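Below is one structure, written out as structure tokens; the observations come after it.
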Amino acid sequence: MLFSRFFAHTSREVPSDAKIASHRLMLRSGMISQTASGIYCWLPLAVRILDKISQIICEEQDRIGANRVYFTTVQPADLWIESGRYAAYGKEMLRIKDRKDGDFLYSPTNEEQATDVFRKYVKSYRGLPVLLYQIHWKFRDEIRPRFGVMRGREFLMKDGYSFDISFEDATRTYEKVFKSYLTIFRRVGMLPIPVQADSGAIGGNMSHEFQILANTGESTIYYDKKLLEASDDELMTTFAVTDEKYDPQSVATQEKDLMISKGVEVGHVFHFGTKYSKAMNTFVLNEKGDKIFPEMGSYGIGVSRLVAAIIEASHDERGIIWPEAVAPFDVTILNLHVNNAICCEIAEDVYRAISASVRYEVLYDDRNITVGEKLMDADLIGVPWQVIVGSQKAQRGVVELKNRKSGEVKEMSPTEVIGRFMG
């Protein structure tokens with residue numbers, strides 16, 4: 001991709017209303033554009049990151065046998081009236097009427113619709129278990145949207161819904177999704193901290209939040225130090241709670257090697273039994289012909305929030321430091337002197353060679369701007385590897401290869417750089 005053709009408009013100005021790093025850097029790097037309070041357009045740089053995170057989620061959910069769907073963003077109110085949540089959900093729900101004066105809502109979550117789809121097609125216990133998921137836009141009318149996309153009103157979410165014949169089977173599904181989430185967060189380059197949590201408006205009696213450690217996080221997490229080295233099986237039972245559940249007087253708490261950190265919630269899993277299946281008269285017949293109300297769970301990852309959380313956990317004073325798995329590009333080539341024939345020849349040769357590989361996506365900064373602007377933009381956008389082509393070194397037949405995370409810079413020949421990525 002040529003930077004001159006890429007729709008990415010960076011800015012040196014720090015937005016006055018941006019209070020946290022992710023909001024500032026997403027605006028400055030041209031990732032988002034605000035349309036209304038808590039509502040943002042996601043621009044090409046950000047879309048590439050959303051797509052990479054979504055791909056990782058899909059791979060790991062498919063691996064455990066989940067089926068991807070698209071539920072509707074607009075739902076009839078009747079489904080929510082049937083479950084009993086329509087009146088109880090509160091003003092966060094955006095309620096709308098169609099031209100026939102019918103009551104609808106813009107989806108804040110999809111438990112009711114998933115249950116409705118399930119009951120239309122699954123009538124026998126032989127059809128269980130069922131695990132459906134989607135990655136789709138949601139809307140919740142937050143009373144005080146703030147911190148950019150971290151607490152916006154419109155957001156991209158992965159939400160999944162499970163149906164099992166028994167509590168034991170539902171528990172196994174819960175554990176399977178729990179471990180899948182751990183893998184997802186590790187693959188995007190983050191350390192997931194699963195904490196025991198309240199179920200809130202979703203309901204249920206078994207619930208975990210997944211937190212990413214960040215100094216600007218809204219949550220305070222209390223956890224046993226051994227959690228940092230625990231196995232996946234141990235993580236589900238190792239002590240970790242948010243401040244709402246923390247009891248400093250409990251014996252269990254006092255016995256821990258306690259650590260306290262700030263975190264950003266990026267995922268939540270719930271088991272809520274027959275809460276929705278009974279309310280919506282959703283049942284299957286067992287081998288004896290008896291009605292069984294399926295045990296259900298729901299599982300969410302805030303995909304757009306995760307983008308901001310990664311930035312909060314991985315940035316410096318110059319800009320974003322993307323983990324390689326989710327970076328918008330793998331390599332950026334900085335031609336510092338676009339009017340210099342040698343620089344152009346070297347930069348274009350390296351660009352063509354690395355771009356020919358299906359393993360790497362390359363951004364070639366061919367813009368006719370100052371050296372300082374190019375270097376600042378490269379650090380701001382946070383691509384993991386920078387190939388810097390300057391006139392003096394180019395005459396000696398070398399370029400610089402810089403790692404954005406470590407800051408390490410090496411002089412290499414163009415052939416060596418190409419070999420580094422093509423070998």
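In the structure tokens, each chain is lettered A, B, ... as it comes, each chain's residues begin at 1, and ligands are numbered from 1 in order of appearance.
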If you run DSSP on this backbone, which residues of region 12-206 of chain A come out as alpha helix (DSSP H), and could you give them as an NGL selection string?
:A and (21-28 or 44-63 or 77-83 or 111-121 or 167-187)
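If you count only C-alpha atoms and ignore residues fewer than 2 places along the chain from Cys58 (chain A), what sits within 10 Å of it is Lys52, Ile53, Ser54, Gln55, Ile56, Glu60, Gln61, Asp62, Arg63, Ala66, Asn67, Arg68, Tyr133, Gln134, Ile135, Lys158 and Ile184 of chain A.
With only C-alpha atoms as the atoms that count, the residue of A:Arg352, A:Lys91, A:Arg126, A:Arg396 with the shortest distance to Asn286 (chain A) is A:Arg126.
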Test item: residues at most 7 Å from region 4-18 of chain A, only C-alpha atoms, excluding those fewer than 3 positions along its chain, as number ranges by chain
A: 1, 23-24, 28-30, 44-45, 147, 366-367
Extract, using only C-alpha atoms, all DNA, RNA and protein residues at most 10 Å from Glu400 (chain A), discarding same-chain residues fewer than 3 positions from it, and format them as number ranges by chain.
A: 333-334, 386-390, 393-394, 403, 408-414, 417
Save the residues we just selected, C-alpha atoms, as a PDB file, in the first residue's frame?
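Everything below was put into part_12.pdb:
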```
ATOM      1  CA  ILE A 333       9.189   1.596   4.364  1.00  0.00           C
ATOM      2  CA  LEU A 334      10.163   5.229   4.867  1.00  0.00           C
ATOM      3  CA  GLN A 386      10.378   0.379   9.964  1.00  0.00           C
ATOM      4  CA  VAL A 387      12.753   0.269   7.004  1.00  0.00           C
ATOM      5  CA  ILE A 388      14.312   3.752   6.886  1.00  0.00           C
ATOM      6  CA  VAL A 389      15.899   4.796   3.592  1.00  0.00           C
ATOM      7  CA  GLY A 390      17.971   7.982   3.900  1.00  0.00           C
ATOM      8  CA  LYS A 393      23.214   5.704   3.971  1.00  0.00           C
ATOM      9  CA  ALA A 394      21.600   4.838   0.641  1.00  0.00           C
ATOM     10  CA  ASN A 403      11.906  -2.258  15.702  1.00  0.00           C
ATOM     11  CA  GLU A 408      16.607  -1.068  18.298  1.00  0.00           C
ATOM     12  CA  VAL A 409      18.034   0.152  14.979  1.00  0.00           C
ATOM     13  CA  LYS A 410      20.342  -1.902  12.741  1.00  0.00           C
ATOM     14  CA  GLU A 411      22.143  -0.918   9.576  1.00  0.00           C
ATOM     15  CA  MET A 412      21.620  -3.531   6.885  1.00  0.00           C
ATOM     16  CA  SER A 413      21.898  -3.853   3.156  1.00  0.00           C
ATOM     17  CA  PRO A 414      18.604  -3.881   1.232  1.00  0.00           C
ATOM     18  CA  VAL A 417      16.397  -6.569   4.917  1.00  0.00           C
TER      19      VAL A 417
END
```
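Nearest to Lys402 (chain A) of all the residues A:Glu348, A:Glu154, A:Ala353, A:Thr332 is A:Thr332, based on only C-alpha atoms.
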Shell of 12 Å around region 313-318 of chain A, only C-alpha atoms, local chain residues under 2 positions omitted, as an mmCIF file with N, CA and C atoms, in the first residue's frame:
```
data_model
loop_
_atom_site.group_PDB
_atom_site.id
_atom_site.type_symbol
_atom_site.label_atom_id
_atom_site.label_comp_id
_atom_site.auth_asym_id
_atom_site.auth_seq_id
_atom_site.Cartn_x
_atom_site.Cartn_y
_atom_site.Cartn_z
ATOM 1 N N ARG A 12 -0.723 16.402 14.490
ATOM 2 C CA ARG A 12 0.201 16.675 15.600
ATOM 3 C C ARG A 12 -0.549 17.179 16.835
ATOM 4 N N ILE A 20 -7.697 10.030 27.701
ATOM 5 C CA ILE A 20 -6.846 8.857 27.868
ATOM 6 C C ILE A 20 -6.039 8.619 26.592
ATOM 7 N N ALA A 21 -4.981 7.838 26.717
ATOM 8 C CA ALA A 21 -4.034 7.670 25.618
ATOM 9 C C ALA A 21 -4.679 7.106 24.365
ATOM 10 N N SER A 22 -5.527 6.087 24.512
ATOM 11 C CA SER A 22 -6.108 5.454 23.331
ATOM 12 C C SER A 22 -6.962 6.425 22.540
ATOM 13 N N ARG A 24 -6.667 9.749 22.452
ATOM 14 C CA ARG A 24 -5.775 10.715 21.812
ATOM 15 C C ARG A 24 -5.088 10.117 20.591
ATOM 16 N N LEU A 25 -4.546 8.924 20.758
ATOM 17 C CA LEU A 25 -3.756 8.331 19.681
ATOM 18 C C LEU A 25 -4.618 7.842 18.527
ATOM 19 N N MET A 26 -5.814 7.389 18.812
ATOM 20 C CA MET A 26 -6.701 6.963 17.728
ATOM 21 C C MET A 26 -7.130 8.157 16.883
ATOM 22 N N ARG A 28 -5.340 11.102 16.667
ATOM 23 C CA ARG A 28 -4.143 11.659 16.029
ATOM 24 C C ARG A 28 -3.644 10.803 14.868
ATOM 25 N N SER A 29 -3.799 9.490 14.967
ATOM 26 C CA SER A 29 -3.320 8.609 13.908
ATOM 27 C C SER A 29 -4.332 8.447 12.779
ATOM 28 N N VAL A 188 -3.656 -11.886 20.437
ATOM 29 C CA VAL A 188 -3.588 -10.467 20.067
ATOM 30 C C VAL A 188 -2.493 -9.744 20.830
ATOM 31 N N GLY A 189 -1.718 -10.483 21.628
ATOM 32 C CA GLY A 189 -0.555 -9.914 22.293
ATOM 33 C C GLY A 189 -0.800 -9.371 23.674
ATOM 34 N N MET A 190 -1.909 -9.754 24.306
ATOM 35 C CA MET A 190 -2.253 -9.233 25.623
ATOM 36 C C MET A 190 -2.273 -10.342 26.674
ATOM 37 N N LEU A 191 -2.059 -9.958 27.930
ATOM 38 C CA LEU A 191 -2.152 -10.876 29.062
ATOM 39 C C LEU A 191 -3.570 -10.797 29.621
ATOM 40 N N PRO A 192 -4.375 -11.852 29.477
ATOM 41 C CA PRO A 192 -5.752 -11.805 29.990
ATOM 42 C C PRO A 192 -5.812 -12.139 31.479
ATOM 43 N N GLN A 211 -9.969 -9.068 31.860
ATOM 44 C CA GLN A 211 -9.384 -7.747 31.984
ATOM 45 C C GLN A 211 -7.985 -7.733 31.368
ATOM 46 N N ILE A 212 -7.633 -6.603 30.775
ATOM 47 C CA ILE A 212 -6.272 -6.351 30.313
ATOM 48 C C ILE A 212 -5.674 -5.273 31.203
ATOM 49 N N LEU A 213 -4.498 -5.539 31.734
ATOM 50 C CA LEU A 213 -3.874 -4.596 32.657
ATOM 51 C C LEU A 213 -3.467 -3.325 31.926
ATOM 52 N N ALA A 214 -3.895 -2.174 32.468
ATOM 53 C CA ALA A 214 -3.549 -0.871 31.890
ATOM 54 C C ALA A 214 -3.703 0.176 32.981
ATOM 55 N N ASN A 215 -2.748 1.061 33.090
ATOM 56 C CA ASN A 215 -2.758 2.057 34.163
ATOM 57 C C ASN A 215 -3.976 2.963 34.132
ATOM 58 N N THR A 216 -4.562 3.158 32.941
ATOM 59 C CA THR A 216 -5.715 4.053 32.815
ATOM 60 C C THR A 216 -7.039 3.302 32.856
ATOM 61 N N GLY A 217 -7.008 2.009 33.203
ATOM 62 C CA GLY A 217 -8.244 1.229 33.247
ATOM 63 C C GLY A 217 -9.223 1.728 34.286
ATOM 64 N N LYS A 262 -4.818 -1.798 37.793
ATOM 65 C CA LYS A 262 -5.929 -1.260 37.019
ATOM 66 C C LYS A 262 -6.100 -2.106 35.759
ATOM 67 N N GLY A 263 -7.344 -2.245 35.318
ATOM 68 C CA GLY A 263 -7.594 -3.058 34.146
ATOM 69 C C GLY A 263 -8.726 -2.520 33.299
ATOM 70 N N VAL A 264 -8.772 -2.989 32.066
ATOM 71 C CA VAL A 264 -9.830 -2.649 31.121
ATOM 72 C C VAL A 264 -10.567 -3.935 30.783
ATOM 73 N N LEU A 306 -11.461 -3.582 22.478
ATOM 74 C CA LEU A 306 -10.173 -4.261 22.572
ATOM 75 C C LEU A 306 -9.092 -3.484 21.830
ATOM 76 N N VAL A 307 -9.448 -2.857 20.717
ATOM 77 C CA VAL A 307 -8.482 -2.015 20.004
ATOM 78 C C VAL A 307 -7.945 -0.932 20.935
ATOM 79 N N ALA A 308 -8.852 -0.238 21.630
ATOM 80 C CA ALA A 308 -8.436 0.817 22.556
ATOM 81 C C ALA A 308 -7.653 0.250 23.734
ATOM 82 N N ALA A 309 -8.071 -0.911 24.229
ATOM 83 C CA ALA A 309 -7.380 -1.516 25.374
ATOM 84 C C ALA A 309 -5.947 -1.902 25.016
ATOM 85 N N ILE A 310 -5.744 -2.402 23.811
ATOM 86 C CA ILE A 310 -4.384 -2.743 23.374
ATOM 87 C C ILE A 310 -3.511 -1.489 23.352
ATOM 88 N N ILE A 311 -4.071 -0.389 22.860
ATOM 89 C CA ILE A 311 -3.311 0.864 22.833
ATOM 90 C C ILE A 311 -2.981 1.319 24.252
ATOM 91 N N ILE A 320 1.609 4.645 19.196
ATOM 92 C CA ILE A 320 1.127 3.289 19.437
ATOM 93 C C ILE A 320 2.245 2.284 19.169
ATOM 94 N N ILE A 321 2.226 1.178 19.917
ATOM 95 C CA ILE A 321 3.144 0.067 19.662
ATOM 96 C C ILE A 321 2.275 -1.176 19.468
ATOM 97 N N TRP A 322 1.951 -1.501 18.217
ATOM 98 C CA TRP A 322 1.039 -2.611 17.959
ATOM 99 C C TRP A 322 1.741 -3.950 18.135
ATOM 100 N N PRO A 323 1.091 -4.904 18.819
ATOM 101 C CA PRO A 323 1.565 -6.286 18.742
ATOM 102 C C PRO A 323 1.513 -6.753 17.284
ATOM 103 N N GLU A 324 2.467 -7.570 16.886
ATOM 104 C CA GLU A 324 2.576 -7.927 15.479
ATOM 105 C C GLU A 324 1.329 -8.609 14.929
ATOM 106 N N ALA A 327 -1.247 -5.667 14.084
ATOM 107 C CA ALA A 327 -0.789 -4.401 13.507
ATOM 108 C C ALA A 327 -1.436 -4.166 12.141
ATOM 109 N N LEU A 375 9.087 10.300 10.104
ATOM 110 C CA LEU A 375 9.527 9.546 11.274
ATOM 111 C C LEU A 375 8.499 9.612 12.396
ATOM 112 N N MET A 376 7.899 10.782 12.594
ATOM 113 C CA MET A 376 6.891 10.924 13.639
ATOM 114 C C MET A 376 5.633 10.120 13.321
ATOM 115 N N ASP A 377 5.209 10.137 12.051
ATOM 116 C CA ASP A 377 4.032 9.366 11.662
ATOM 117 C C ASP A 377 4.262 7.871 11.832
ATOM 118 N N ALA A 378 5.463 7.412 11.512
ATOM 119 C CA ALA A 378 5.756 5.981 11.638
ATOM 120 C C ALA A 378 5.648 5.532 13.091
ATOM 121 N N ASP A 379 6.199 6.335 14.002
ATOM 122 C CA ASP A 379 6.098 5.993 15.427
ATOM 123 C C ASP A 379 4.670 6.145 15.932
ATOM 124 N N LEU A 380 3.951 7.136 15.451
ATOM 125 C CA LEU A 380 2.568 7.370 15.873
ATOM 126 C C LEU A 380 1.679 6.198 15.482
ATOM 127 N N ILE A 381 1.774 5.753 14.240
ATOM 128 C CA ILE A 381 0.928 4.672 13.751
ATOM 129 C C ILE A 381 1.326 3.335 14.360
ATOM 130 N N GLY A 382 2.609 3.143 14.639
ATOM 131 C CA GLY A 382 3.032 2.000 15.438
ATOM 132 C C GLY A 382 3.244 0.704 14.707
ATOM 133 N N VAL A 383 3.517 0.743 13.398
ATOM 134 C CA VAL A 383 3.830 -0.483 12.667
ATOM 135 C C VAL A 383 5.078 -1.130 13.285
ATOM 136 N N PRO A 384 5.083 -2.444 13.490
ATOM 137 C CA PRO A 384 6.185 -3.080 14.231
ATOM 138 C C PRO A 384 7.574 -2.873 13.664
ATOM 139 N N ARG A 404 9.883 -1.068 16.303
ATOM 140 C CA ARG A 404 9.116 -0.031 17.008
ATOM 141 C C ARG A 404 9.030 -0.295 18.508
ATOM 142 N N LYS A 405 8.924 -1.540 18.911
ATOM 143 C CA LYS A 405 8.738 -1.855 20.325
ATOM 144 C C LYS A 405 10.007 -1.630 21.127
ATOM 145 N N SER A 406 11.124 -2.186 20.652
ATOM 146 C CA SER A 406 12.376 -2.084 21.407
ATOM 147 C C SER A 406 13.135 -0.805 21.106
ATOM 148 N N GLY A 407 12.866 -0.210 19.936
ATOM 149 C CA GLY A 407 13.622 0.962 19.507
ATOM 150 C C GLY A 407 14.967 0.629 18.904
#
```
What is the CA of Met422 (chain A) to CA of Val350 (chain A) distance in Å?
10.8 Å
Just asking: which residues within region 19-88 of chain A are strand (DSSP E or B) according to DSSP, as a ChimeraX atom specification?
/A:32-36,39-42,67-68,74-76
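When only C-alpha atoms are used to compute distances to Thr171 (chain A), the closest of the residues A:Pro76, A:Gly397, A:Gly297, A:Gly372 turns out to be A:Gly297.
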Could you check which of A:Glu295, A:Asp232, A:Glu59, A:Glu416 is closest to Ile165 (chain A), using only C-alpha atoms?
A:Glu295
Quick one, how far is CA of Pro328 (chain A) from CA of Ser304 (chain A)?
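Calculated distance between CA of Pro328 (chain A) and CA of Ser304 (chain A) is 14.3 Å.
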Exercise: Phe118 (chain A) partners within 9 Å, only C-alpha atoms, chain neighbours under 5 positions left out, as a PyMOL selection string
chain A and resi 113+123+130+163+282
How many Å lie between CA of Ser207 (chain A) and CA of Ile49 (chain A), rounded to one decimal?
28.1 Å
Residue contacts of Arg359 (chain A) (10 Å, only C-alpha atoms) excluding same-chain residues fewer than 5 positions away, as a PyMOL selection string
chain A and resi 330+354+421-422
Can I get the selected residues back with C-alpha atoms, as a PDB file, in the first residue's frame?
```
ATOM      1  CA  ASP A 330       3.776  -5.526   9.333  1.00  0.00           C
ATOM      2  CA  ILE A 354       8.510  -7.875   0.687  1.00  0.00           C
ATOM      3  CA  PHE A 421      11.334 -10.935   5.958  1.00  0.00           C
ATOM      4  CA  MET A 422      11.488 -13.416   3.086  1.00  0.00           C
TER       5      MET A 422
END
```
